[in-house]
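One file, work_34.txt, carrying compact mmCIF, C-alpha atoms (C1' of nucleotides):
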```txt
# COMPACT_ATOMS: atom_id res chain seq x y z
CA MET A 80 -3.44 -11.64 5.38
CA THR A 81 -5.16 -9.61 2.76
CA LEU A 82 -4.06 -11.57 -0.30
CA ARG A 83 -5.06 -14.78 1.44
CA TYR A 84 -8.68 -13.76 1.72
CA PHE A 85 -8.83 -11.98 -1.56
CA ALA A 86 -7.68 -15.17 -3.28
CA LEU A 87 -10.25 -17.11 -1.32
CA GLY A 88 -12.89 -14.66 -2.45
CA LEU A 89 -11.96 -15.15 -6.08
CA LEU A 90 -12.25 -18.89 -5.65
CA ALA A 91 -15.72 -18.30 -4.24
CA GLN A 92 -16.69 -16.84 -7.62
CA GLN A 93 -15.30 -19.80 -9.52
CA PRO A 94 -12.67 -22.52 -9.20
CA MET A 95 -9.38 -21.64 -10.81
CA SER A 96 -5.67 -22.35 -10.80
CA GLY A 97 -2.96 -20.03 -9.50
CA TYR A 98 -2.03 -19.23 -13.04
CA ASP A 99 -5.61 -18.36 -13.95
CA MET A 100 -5.81 -16.11 -10.95
CA LYS A 101 -2.72 -14.19 -11.94
CA GLN A 102 -4.11 -13.70 -15.44
CA PHE A 103 -7.36 -12.49 -14.02
CA LEU A 104 -5.72 -10.05 -11.65
CA GLU A 105 -3.45 -8.68 -14.30
CA ASN A 106 -6.56 -7.39 -16.01
CA LEU A 107 -7.48 -5.33 -12.98
CA ASP A 108 -4.00 -4.10 -12.45
CA TRP A 109 -5.22 -0.56 -11.99
CA LEU A 110 -6.40 -1.09 -8.41
CA ILE A 111 -4.49 -3.76 -6.71
CA SER A 112 -1.09 -4.23 -8.20
CA THR A 113 -1.02 -7.88 -9.21
CA PRO A 114 0.59 -10.19 -6.69
CA SER A 115 3.54 -12.22 -7.91
CA PHE A 116 3.59 -15.99 -8.14
CA GLY A 117 6.05 -15.90 -5.30
CA SER A 118 3.28 -14.82 -2.96
CA LEU A 119 0.30 -16.28 -4.78
CA TYR A 120 1.35 -19.93 -4.77
CA PRO A 121 2.41 -20.07 -1.12
CA ASN A 122 -0.90 -18.45 -0.17
CA LEU A 123 -2.83 -21.10 -2.09
CA HIS A 124 -0.76 -23.81 -0.39
CA ALA A 125 -1.65 -22.33 2.98
CA LEU A 126 -5.36 -22.22 2.11
CA LEU A 127 -5.13 -25.85 1.10
CA LYS A 128 -3.37 -26.82 4.30
CA ASP A 129 -6.07 -25.07 6.31
CA GLU A 130 -8.70 -26.94 4.30
CA LEU A 131 -10.39 -23.78 3.10
CA VAL A 132 -9.91 -25.01 -0.47
CA THR A 133 -9.40 -28.30 -2.28
CA VAL A 134 -7.29 -29.06 -5.33
CA ASN A 135 -8.14 -30.84 -8.49
CA VAL A 136 -5.03 -31.73 -10.45
CA MET A 137 -5.80 -31.77 -14.15
CA ARG A 138 -3.25 -33.10 -16.55
CA ASN A 139 -2.63 -30.76 -19.38
CA GLY A 140 -0.98 -32.60 -22.25
CA ASP A 141 2.73 -31.94 -22.28
CA ASN A 142 2.39 -28.82 -20.18
CA PRO A 143 2.72 -29.07 -16.42
CA PRO A 144 -0.56 -30.17 -14.85
CA ARG A 145 -2.99 -27.46 -13.79
CA LYS A 146 -3.97 -27.35 -10.13
CA VAL A 147 -7.50 -26.09 -10.00
CA TYR A 148 -8.56 -24.90 -6.57
CA SER A 149 -12.14 -24.87 -5.27
CA ILE A 150 -13.48 -23.32 -2.11
CA THR A 151 -14.85 -25.57 0.65
CA ASP A 152 -17.67 -24.97 3.12
CA ALA A 153 -15.12 -24.04 5.78
CA GLY A 154 -13.67 -21.66 3.21
CA HIS A 155 -16.99 -19.96 2.70
CA GLU A 156 -17.33 -19.49 6.44
CA ALA A 157 -13.84 -18.07 6.81
CA LEU A 158 -14.51 -15.70 3.94
CA GLN A 159 -17.74 -14.48 5.50
CA ASP A 160 -15.95 -13.86 8.78
CA TRP A 161 -13.28 -11.84 7.06
CA ILE A 162 -15.72 -9.83 4.98
CA ASN A 163 -17.83 -9.02 8.00
CA GLU A 164 -15.04 -7.82 10.20
CA PRO A 165 -14.51 -4.08 9.86
CA PHE A 166 -11.70 -3.11 7.53
CA ASP A 167 -8.83 -0.81 8.41
CA PRO A 168 -9.46 2.81 7.59
CA ASP A 169 -5.79 3.20 6.75
CA ALA A 170 -5.50 0.33 4.28
CA SER A 171 -8.24 2.47 2.88
CA LEU A 172 -9.20 2.62 -0.75
CA ARG A 173 -7.41 -0.54 -1.68
CA GLY A 174 -8.88 -2.66 1.04
CA PHE A 175 -12.31 -1.33 0.30
CA LEU A 176 -12.02 -2.01 -3.41
CA MET A 177 -11.01 -5.58 -2.72
CA ARG A 178 -14.19 -6.03 -0.76
CA LEU A 179 -16.20 -4.37 -3.49
CA MET A 180 -14.83 -6.87 -5.96
CA LEU A 181 -16.06 -9.67 -3.78
CA ALA A 182 -19.53 -8.14 -3.45
CA ASN A 183 -21.09 -11.23 -4.98
CA ASN A 184 -20.48 -12.99 -1.71
CA LEU A 185 -22.45 -10.36 0.17
CA SER A 186 -26.12 -10.13 0.84
CA ARG A 187 -27.72 -6.84 -0.10
CA ALA A 188 -27.79 -5.80 3.56
CA ASP A 189 -24.11 -6.63 4.02
CA LEU A 190 -23.20 -4.69 0.92
CA ILE A 191 -25.04 -1.67 2.25
CA ASP A 192 -23.19 -2.10 5.54
CA CYS A 193 -19.90 -2.19 3.71
CA LEU A 194 -20.63 0.97 1.77
CA GLN A 195 -21.82 2.74 4.88
CA GLN A 196 -18.70 1.74 6.73
CA ARG A 197 -16.62 3.27 3.99
CA ARG A 198 -18.86 6.31 3.91
CA SER A 199 -18.33 7.10 7.55
CA GLN A 200 -14.58 6.58 7.22
CA VAL A 201 -14.31 8.92 4.28
CA ALA A 202 -16.53 11.47 6.00
CA ALA A 203 -14.31 11.42 9.08
CA HIS A 204 -11.32 11.78 6.79
CA GLN A 205 -12.85 14.73 5.06
CA LEU A 206 -13.69 16.51 8.28
CA GLN A 207 -10.15 16.15 9.53
CA LEU A 208 -8.81 17.41 6.23
CA LYS A 209 -11.01 20.45 6.32
CA GLU A 210 -9.95 21.35 9.84
CA GLU A 211 -6.30 20.92 9.05
CA LYS A 212 -6.53 22.88 5.85
CA PHE A 213 -8.18 25.70 7.74
CA SER A 214 -5.38 25.90 10.27
CA ILE A 215 -2.73 25.65 7.56
CA ASP A 216 -4.25 28.44 5.52
CA ASN A 217 -4.27 30.64 8.60
CA GLU A 218 -0.58 30.28 9.42
CA GLU A 219 0.55 32.61 6.65
CA ASP A 220 4.11 32.64 7.96
CA ASP A 221 4.75 29.03 7.07
CA SER A 222 6.88 28.73 3.97
CA SER A 223 5.73 25.18 3.40
CA ALA A 224 2.06 26.14 3.26
CA LEU A 225 1.86 25.58 -0.48
CA SER A 226 2.73 21.90 -0.43
CA LYS A 227 0.59 21.15 2.58
CA SER A 228 -2.33 22.89 0.95
CA LEU A 229 -1.86 21.03 -2.33
CA ALA A 230 -2.01 17.59 -0.78
CA HIS A 231 -5.00 18.57 1.30
CA GLU A 232 -6.87 19.97 -1.67
CA TYR A 233 -6.24 16.79 -3.57
CA GLY A 234 -7.41 14.68 -0.70
CA LEU A 235 -10.56 16.73 -0.39
CA ALA A 236 -11.34 16.47 -4.08
CA VAL A 237 -11.03 12.70 -3.97
CA ALA A 238 -13.04 12.43 -0.74
CA LYS A 239 -15.82 14.51 -2.21
CA ALA A 240 -16.04 12.28 -5.26
CA GLU A 241 -16.04 9.16 -3.12
CA LEU A 242 -18.82 10.44 -0.92
CA ALA A 243 -20.93 11.42 -3.90
CA TRP A 244 -20.55 7.98 -5.44
CA LEU A 245 -21.26 6.20 -2.17
CA ASP A 246 -24.38 8.25 -1.52
CA ARG A 247 -25.69 7.62 -4.99
CA LYS A 248 -25.05 3.91 -4.73
CA LEU A 249 -26.59 3.64 -1.30
CA GLN A 250 -29.69 5.35 -2.54
CA GLU A 251 -29.91 3.03 -5.53
CA LEU A 252 -29.57 0.03 -3.29
CA SER A 253 -32.25 1.15 -0.89
CA SER A 254 -34.76 2.15 -3.55
CA THR A 255 -34.39 -0.71 -6.02
CA THR A 256 -36.35 -3.87 -5.39
CA ARG A 257 -34.29 -6.90 -4.62
CA HIS A 258 -32.69 -8.56 -7.65
CA MET B 121 13.28 3.36 -0.54
CA THR B 122 10.23 5.53 -0.43
CA LEU B 123 10.22 6.32 3.29
CA ARG B 124 13.89 7.20 3.07
CA TYR B 125 13.31 10.03 0.64
CA PHE B 126 10.07 11.14 2.13
CA ALA B 127 11.82 11.59 5.47
CA LEU B 128 14.60 13.45 3.71
CA GLY B 129 12.01 15.69 2.10
CA LEU B 130 10.46 16.53 5.44
CA LEU B 131 13.88 17.46 6.78
CA ALA B 132 14.24 19.76 3.80
CA GLN B 133 11.26 21.71 5.11
CA GLN B 134 12.70 21.98 8.59
CA PRO B 135 15.08 20.17 10.96
CA MET B 136 13.35 17.76 13.28
CA SER B 137 13.80 14.66 15.39
CA GLY B 138 12.46 11.23 14.63
CA TYR B 139 9.84 11.71 17.29
CA ASP B 140 8.78 15.06 15.83
CA MET B 141 8.48 13.43 12.44
CA LYS B 142 6.20 10.71 13.73
CA GLN B 143 3.98 13.31 15.41
CA PHE B 144 3.83 15.30 12.23
CA LEU B 145 2.96 12.29 10.11
CA GLU B 146 0.32 11.13 12.52
CA ASN B 147 -1.54 14.29 11.67
CA LEU B 148 -1.66 13.35 8.01
CA ASP B 149 -2.57 9.82 8.76
CA TRP B 150 -5.32 9.92 6.17
CA LEU B 151 -2.96 9.57 3.22
CA ILE B 152 0.17 7.78 4.12
CA SER B 153 -0.34 5.51 7.04
CA THR B 154 2.24 6.66 9.56
CA PRO B 155 5.47 4.67 9.57
CA SER B 156 6.42 3.06 12.87
CA PHE B 157 9.52 3.95 14.86
CA GLY B 158 10.85 0.58 13.89
CA SER B 159 11.28 1.75 10.32
CA LEU B 160 11.65 5.48 10.93
CA TYR B 161 14.71 5.39 13.18
CA PRO B 162 16.73 2.96 11.07
CA ASN B 163 15.98 5.07 8.01
CA LEU B 164 17.28 8.18 9.74
CA HIS B 165 20.39 6.28 10.80
CA ALA B 166 20.98 5.31 7.19
CA LEU B 167 20.55 8.88 5.99
CA LEU B 168 23.08 9.96 8.58
CA LYS B 169 25.57 7.29 7.56
CA ASP B 170 25.25 8.40 3.94
CA GLU B 171 25.84 11.99 5.04
CA LEU B 172 22.59 13.25 3.58
CA VAL B 173 21.70 14.62 7.03
CA THR B 174 23.51 15.71 10.19
CA VAL B 175 22.46 15.31 13.81
CA ASN B 176 22.31 17.79 16.59
CA VAL B 177 21.90 16.10 19.94
CA MET B 178 20.03 18.39 22.30
CA ARG B 179 19.77 17.46 25.93
CA ASN B 180 16.26 17.57 27.19
CA GLY B 181 16.18 17.79 30.98
CA ASP B 182 15.48 14.41 32.47
CA ASN B 183 13.96 13.08 29.26
CA PRO B 184 16.17 11.26 26.80
CA PRO B 185 18.09 13.70 24.59
CA ARG B 186 16.45 14.76 21.32
CA LYS B 187 18.35 14.05 18.11
CA VAL B 188 17.47 16.80 15.70
CA TYR B 189 18.35 15.99 12.10
CA SER B 190 19.12 18.58 9.42
CA ILE B 191 19.53 18.04 5.71
CA THR B 192 22.95 18.60 4.10
CA ASP B 193 23.83 19.87 0.63
CA ALA B 194 24.36 16.31 -0.53
CA GLY B 195 20.95 15.57 0.91
CA HIS B 196 19.34 18.30 -1.15
CA GLU B 197 20.93 16.90 -4.28
CA ALA B 198 19.81 13.36 -3.54
CA LEU B 199 16.30 14.62 -2.87
CA GLN B 200 16.19 16.49 -6.18
CA ASP B 201 17.34 13.37 -8.02
CA TRP B 202 14.61 11.31 -6.41
CA ILE B 203 11.89 13.87 -7.00
CA ASN B 204 12.81 14.22 -10.64
CA GLU B 205 12.81 10.56 -11.46
CA PRO B 206 9.40 9.37 -12.68
CA PHE B 207 7.26 7.70 -10.05
CA ASP B 208 5.64 4.29 -10.35
CA PRO B 209 2.14 4.35 -11.77
CA ASP B 210 1.19 1.46 -9.52
CA ALA B 211 2.36 2.96 -6.23
CA SER B 212 -0.08 5.48 -7.54
CA LEU B 213 -2.01 7.91 -5.40
CA ARG B 214 0.14 7.46 -2.38
CA GLY B 215 3.44 8.03 -4.14
CA PHE B 216 2.04 11.03 -5.88
CA LEU B 217 0.71 12.56 -2.67
CA MET B 218 4.09 12.17 -1.04
CA ARG B 219 5.62 14.18 -3.82
CA LEU B 220 2.88 16.77 -3.57
CA MET B 221 3.69 17.21 0.07
CA LEU B 222 7.27 17.95 -0.86
CA ALA B 223 6.25 20.48 -3.50
CA ASN B 224 8.22 23.21 -1.76
CA ASN B 225 11.36 21.61 -3.06
CA LEU B 226 10.13 21.89 -6.62
CA SER B 227 10.41 24.73 -9.06
CA ARG B 228 7.16 25.80 -10.70
CA ALA B 229 8.14 23.99 -13.88
CA ASP B 230 8.94 20.80 -12.02
CA LEU B 231 5.67 20.96 -10.17
CA ILE B 232 3.81 21.29 -13.45
CA ASP B 233 5.77 18.30 -14.76
CA CYS B 234 4.79 16.29 -11.73
CA LEU B 235 1.11 17.09 -12.12
CA GLN B 236 1.21 16.34 -15.81
CA GLN B 237 2.89 13.01 -15.15
CA ARG B 238 0.08 12.11 -12.80
CA ARG B 239 -2.49 13.39 -15.24
CA SER B 240 -1.34 11.11 -18.01
CA GLN B 241 -1.20 8.16 -15.66
CA VAL B 242 -4.71 8.71 -14.40
CA ALA B 243 -5.96 9.27 -17.94
CA ALA B 244 -4.45 5.96 -19.06
CA HIS B 245 -6.02 4.33 -16.03
CA GLN B 246 -9.38 5.77 -16.85
CA LEU B 247 -9.26 4.64 -20.44
CA GLN B 248 -8.46 1.10 -19.43
CA LEU B 249 -11.26 1.15 -16.89
CA LYS B 250 -13.77 2.34 -19.45
CA GLU B 251 -12.82 -0.37 -21.91
CA GLU B 252 -13.00 -3.07 -19.29
CA LYS B 253 -16.28 -1.84 -17.94
CA PHE B 254 -17.71 -1.88 -21.43
CA SER B 255 -16.73 -5.50 -21.98
CA ILE B 256 -17.98 -6.52 -18.54
CA ASP B 257 -21.35 -4.90 -19.06
CA ASN B 258 -21.72 -6.78 -22.32
CA GLU B 259 -21.15 -10.26 -20.91
CA GLU B 260 -24.60 -10.47 -19.32
CA ASP B 261 -24.16 -14.14 -18.55
CA ASP B 262 -21.52 -13.53 -15.91
CA SER B 263 -22.93 -13.89 -12.41
CA SER B 264 -20.11 -11.85 -10.94
CA ALA B 265 -20.84 -8.84 -13.15
CA LEU B 266 -22.22 -6.84 -10.25
CA SER B 267 -19.08 -6.78 -8.18
CA LYS B 268 -16.82 -6.16 -11.13
CA SER B 269 -18.99 -3.28 -12.19
CA LEU B 270 -19.03 -1.76 -8.73
CA ALA B 271 -15.28 -1.59 -8.39
CA HIS B 272 -14.95 -0.19 -11.87
CA GLU B 273 -17.56 2.48 -11.26
CA TYR B 274 -15.80 3.51 -8.10
CA GLY B 275 -12.47 3.68 -9.85
CA LEU B 276 -13.96 5.79 -12.60
CA ALA B 277 -15.56 8.22 -10.16
CA VAL B 278 -12.27 8.74 -8.39
CA ALA B 279 -10.33 9.06 -11.64
CA LYS B 280 -12.75 11.66 -12.90
CA ALA B 281 -12.36 13.75 -9.76
CA GLU B 282 -8.59 13.47 -9.93
CA LEU B 283 -8.47 14.60 -13.53
CA ALA B 284 -10.74 17.55 -12.83
CA TRP B 285 -8.56 18.69 -9.95
CA LEU B 286 -5.35 18.23 -11.90
CA ASP B 287 -6.66 20.20 -14.87
CA ARG B 288 -7.83 23.03 -12.68
CA LYS B 289 -4.53 23.19 -10.85
CA LEU B 290 -2.50 23.04 -14.03
CA GLN B 291 -4.48 25.90 -15.44
CA GLU B 292 -3.99 27.95 -12.28
CA LEU B 293 -0.27 27.32 -12.40
CA SER B 294 0.09 28.31 -16.02
CA SER B 295 -2.03 31.45 -15.75
CA THR B 296 -0.85 32.89 -12.44
CA THR B 297 2.29 35.01 -12.43
CA ARG B 298 5.20 33.53 -10.57
CA HIS B 299 4.99 33.93 -6.79
C1' DG C 13 -0.54 1.86 41.48
C1' DG C 14 -1.10 1.89 36.81
C1' DC C 15 -1.24 4.47 32.68
C1' DG C 16 0.46 7.76 29.28
C1' DC C 17 3.92 11.04 27.73
C1' DC C 18 8.56 11.80 26.38
C1' DA C 19 12.39 9.79 23.29
C1' DT C 20 15.31 6.57 21.63
C1' DG C 21 16.49 2.09 20.01
C1' DT C 22 16.75 -3.19 18.57
C1' DA C 23 15.16 -8.01 17.28
C1' DA C 24 11.83 -11.03 15.46
C1' DA C 25 8.15 -11.91 12.63
C1' DC C 26 5.49 -10.87 8.42
C1' DC C 27 4.48 -10.57 3.85
C1' DG C 28 5.76 -9.31 -0.29
C1' DT C 29 9.00 -9.02 -4.62
C1' DT C 30 12.86 -10.58 -7.45
C1' DA C 31 15.18 -13.98 -9.40
C1' DC C 32 15.88 -18.40 -10.22
C1' DA C 33 14.67 -23.54 -11.89
C1' DT C 34 12.08 -26.96 -14.78
C1' DG C 35 10.72 -28.32 -19.65
C1' DA C 36 8.02 -28.76 -23.76
C1' DT C 37 6.05 -25.89 -27.61
C1' DT C 38 5.37 -22.27 -30.83
C1' DC C 39 6.59 -18.04 -33.26
C1' DA C 40 9.91 -14.80 -35.62
C1' DT D 270 18.72 -19.08 -32.28
C1' DG D 271 16.16 -16.73 -29.08
C1' DA D 272 11.99 -15.40 -26.94
C1' DA D 273 7.31 -16.12 -25.29
C1' DT D 274 3.52 -19.00 -23.46
C1' DC D 275 2.11 -22.48 -20.34
C1' DA D 276 2.39 -23.80 -15.24
C1' DT D 277 4.39 -24.76 -11.15
C1' DG D 278 7.47 -23.97 -7.45
C1' DT D 279 11.47 -22.31 -4.03
C1' DA D 280 15.14 -19.23 -1.91
C1' DA D 281 17.06 -14.88 -1.01
C1' DC D 282 16.27 -10.39 -0.07
C1' DG D 283 13.76 -6.00 1.45
C1' DG D 284 11.06 -3.03 3.99
C1' DT D 285 7.60 -2.72 7.51
C1' DT D 286 5.12 -3.73 11.63
C1' DT D 287 5.01 -5.68 16.25
C1' DA D 288 6.80 -6.18 20.39
C1' DC D 289 10.10 -5.45 23.48
C1' DA D 290 13.62 -2.48 26.51
C1' DT D 291 15.04 1.84 29.04
C1' DG D 292 13.64 5.48 32.64
C1' DG D 293 11.84 9.51 34.79
C1' DC D 294 7.84 12.47 35.34
C1' DG D 295 2.92 13.77 35.90
C1' DC D 296 -2.03 12.50 36.25
C1' DC D 297 -6.23 10.43 38.37
```
If you took the structure in this file and wrote it as structure tokens, what would it be?
Amino acid sequence: MTLRYFALGLLAQQPMSGYDMKQFLENLDWLISTPSFGSLYPNLHALLKDELVTVNVMRNGDNPPRKVYSITDAGHEALQDWINEPFDPDASLRGFLMRLMLANNLSRADLIDCLQQRRSQVAAHQLQLKEEKFSIDNEEDDSSALSKSLAHEYGLAVAKAELAWLDRKLQELSSTTRH
Amino acid sequence: MTLRYFALGLLAQQPMSGYDMKQFLENLDWLISTPSFGSLYPNLHALLKDELVTVNVMRNGDNPPRKVYSITDAGHEALQDWINEPFDPDASLRGFLMRLMLANNLSRADLIDCLQQRRSQVAAHQLQLKEEKFSIDNEEDDSSALSKSLAHEYGLAVAKAELAWLDRKLQELSSTTRH
DNA sequence: GGCGCCATGTAAACCGTTACATGATTCA
DNA sequence: TGAATCATGTAACGGTTTACATGGCGCC
């Protein structure tokens, strides 16, 4: 369900074909490993069937015709619904980044909401990590303490950086006048 | 294939039942969303069939008997092989954290290797991000620049924190005398 | 009386990847 | 000659979640 709406969100930025979309996503390979055509095309077909997008078949010389998809009004609504529903804390970073990439579709208030949602998730995360790390460090007998500690330390370092970024961004958003 | 070896790695720390394992993983839910019984049990069955683990069925009063799994010598070998083979850059943070959690099974040198592998991946990541961000910031015409920038900034903040942690840890490991 | 814990297990559904097919064109 | 780009699509396979089943015991 996540690729479906992410694709829809990309179409909200601008109409494009499945091939275009793949190209585009390959450039941001670092976050969300690029979906394959095998999942991309069927997802676009499904969006079409549900009338969240329309196609415009453009002949392309000798090459196979390009099918350029555009989002419909129903599509915009569906996208809003998806963006506004709270995202899984466990799908975590990836799910959040997807939403960040679709931030154009958000009002300033909704964007702030989104960041705050993430903030509270990461903060909860961090608290749990701290507690666990404390109890691990105090069971000196445990031979596996090293590895547990390592992962926890890493998690804490990342959480700290995330929180710092989120706080900075939230402050920027609340202080700057509207674009 | 990743749950298979992660489960094996946990059994290398100490013998446990499938139920125990789930409990244990639920506590570290923050990193690796806990696998369900539906995938956990079949994986354990497969490990057993391949003779990488053995079972010890312990009757448990009126409750269903507990099946406590222990790793075999062949299991230890298989685990080493898996740990030593390079991990996917795209499975990324999660795959790396799994290995960190199994750090007990690594020699100091192998642990350093593992961290360095991650370091170079994250550094490559970061470089790509910086380049992309640069080109995005310079196409002022693009209406979707905001969202693209946001995701990139976030990625960079996390990458920076990861690199800092990795460097610190690598230094600790190289300076400290062996445990 | 219903819910949750203990503890195992299986089948169906889900969503993704891998690998294939088409077919013309351009580059080494 | 062989490979890559363009552009779409389908089928098989893989691993996971979801949802179910069993069955006794304790809690409110």
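With all atoms listed in the file as the atoms that count, the residue of B:Ser153, B:Gln133, B:Ser190, B:Gln143 with the shortest distance to chain D is B:Ser153.
Least-squares superposition of chain A onto chain B, taking every C-alpha atom paired in order, leaves an RMSD of 0.3 Å.
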> With all atoms listed in the file as the basis for distance, which of A:Asn142, A:Leu89, A:Pro114, A:Lys128 is at the shortest distance from chain D?
Replying inline: A:Asn142
Counting only C-alpha atoms (C1' of nucleotides), give me one row per residue of chain D with an atom at most 10 Å from an atom of chain A, showing the shortest contact pair and its distance in Å to one decimal, sorted by chain then residue number, as a Markdown table.
```
| residue | atom | partner | partner_atom | distance |
| --- | --- | --- | --- | --- |
| D:DC275 | C1' | A:Asn142 | CA | 6.3 |
| D:DA276 | C1' | A:Pro143 | CA | 5.4 |
| D:DT277 | C1' | A:Pro143 | CA | 7.0 |
| D:DG278 | C1' | A:Tyr120 | CA | 7.8 |
| D:DT279 | C1' | A:Gly117 | CA | 8.5 |
```
> Between atom CA of A:Tyr233 and atom CA of A:Phe213, what is the spacing in Å?
Replying inline: 14.5 Å
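The coordinates place atom CA of A:Ser115 at 15.4 Å from atom C1' of D:DA281.
Between atom CA of A:Glu156 and atom CA of A:Leu131 the interatomic distance comes to 8.8 Å.
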> B:Ile232, B:Met141, B:Met136, B:Ile256: which is nearest B:Lys289, counting only C-alpha atoms?
Replying inline: B:Ile232
> chain C residues within 12 Å of chain B, counting only C-alpha atoms (C1' of nucleotides): which ones, as a PyMOL selection string?
Replying inline: chain C and resi 17-24
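Using only C-alpha atoms, the smallest distance between any of A:Cys193, A:Ala91, A:Ala182, A:Leu249 and chain B comes from A:Ala182.
Residue nearest chain A, chosen from B:Val177, B:Leu148, B:Ile191, B:Ala198 and counting all atoms listed in the file: B:Leu148.
Using only C-alpha atoms, the smallest distance between any of A:Gln207, A:Gln195, A:Thr81, A:Ser228 and A:Trp244 comes from A:Gln195.
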> How would you write as JSON, numbers by chain the residues that get within 10 Å of (-3.6, 3.0, 34.8) in the file's frame, counting only C-alpha atoms (C1' of nucleotides)?
Replying inline: {"C": [13, 14, 15, 16], "D": [296, 297]}
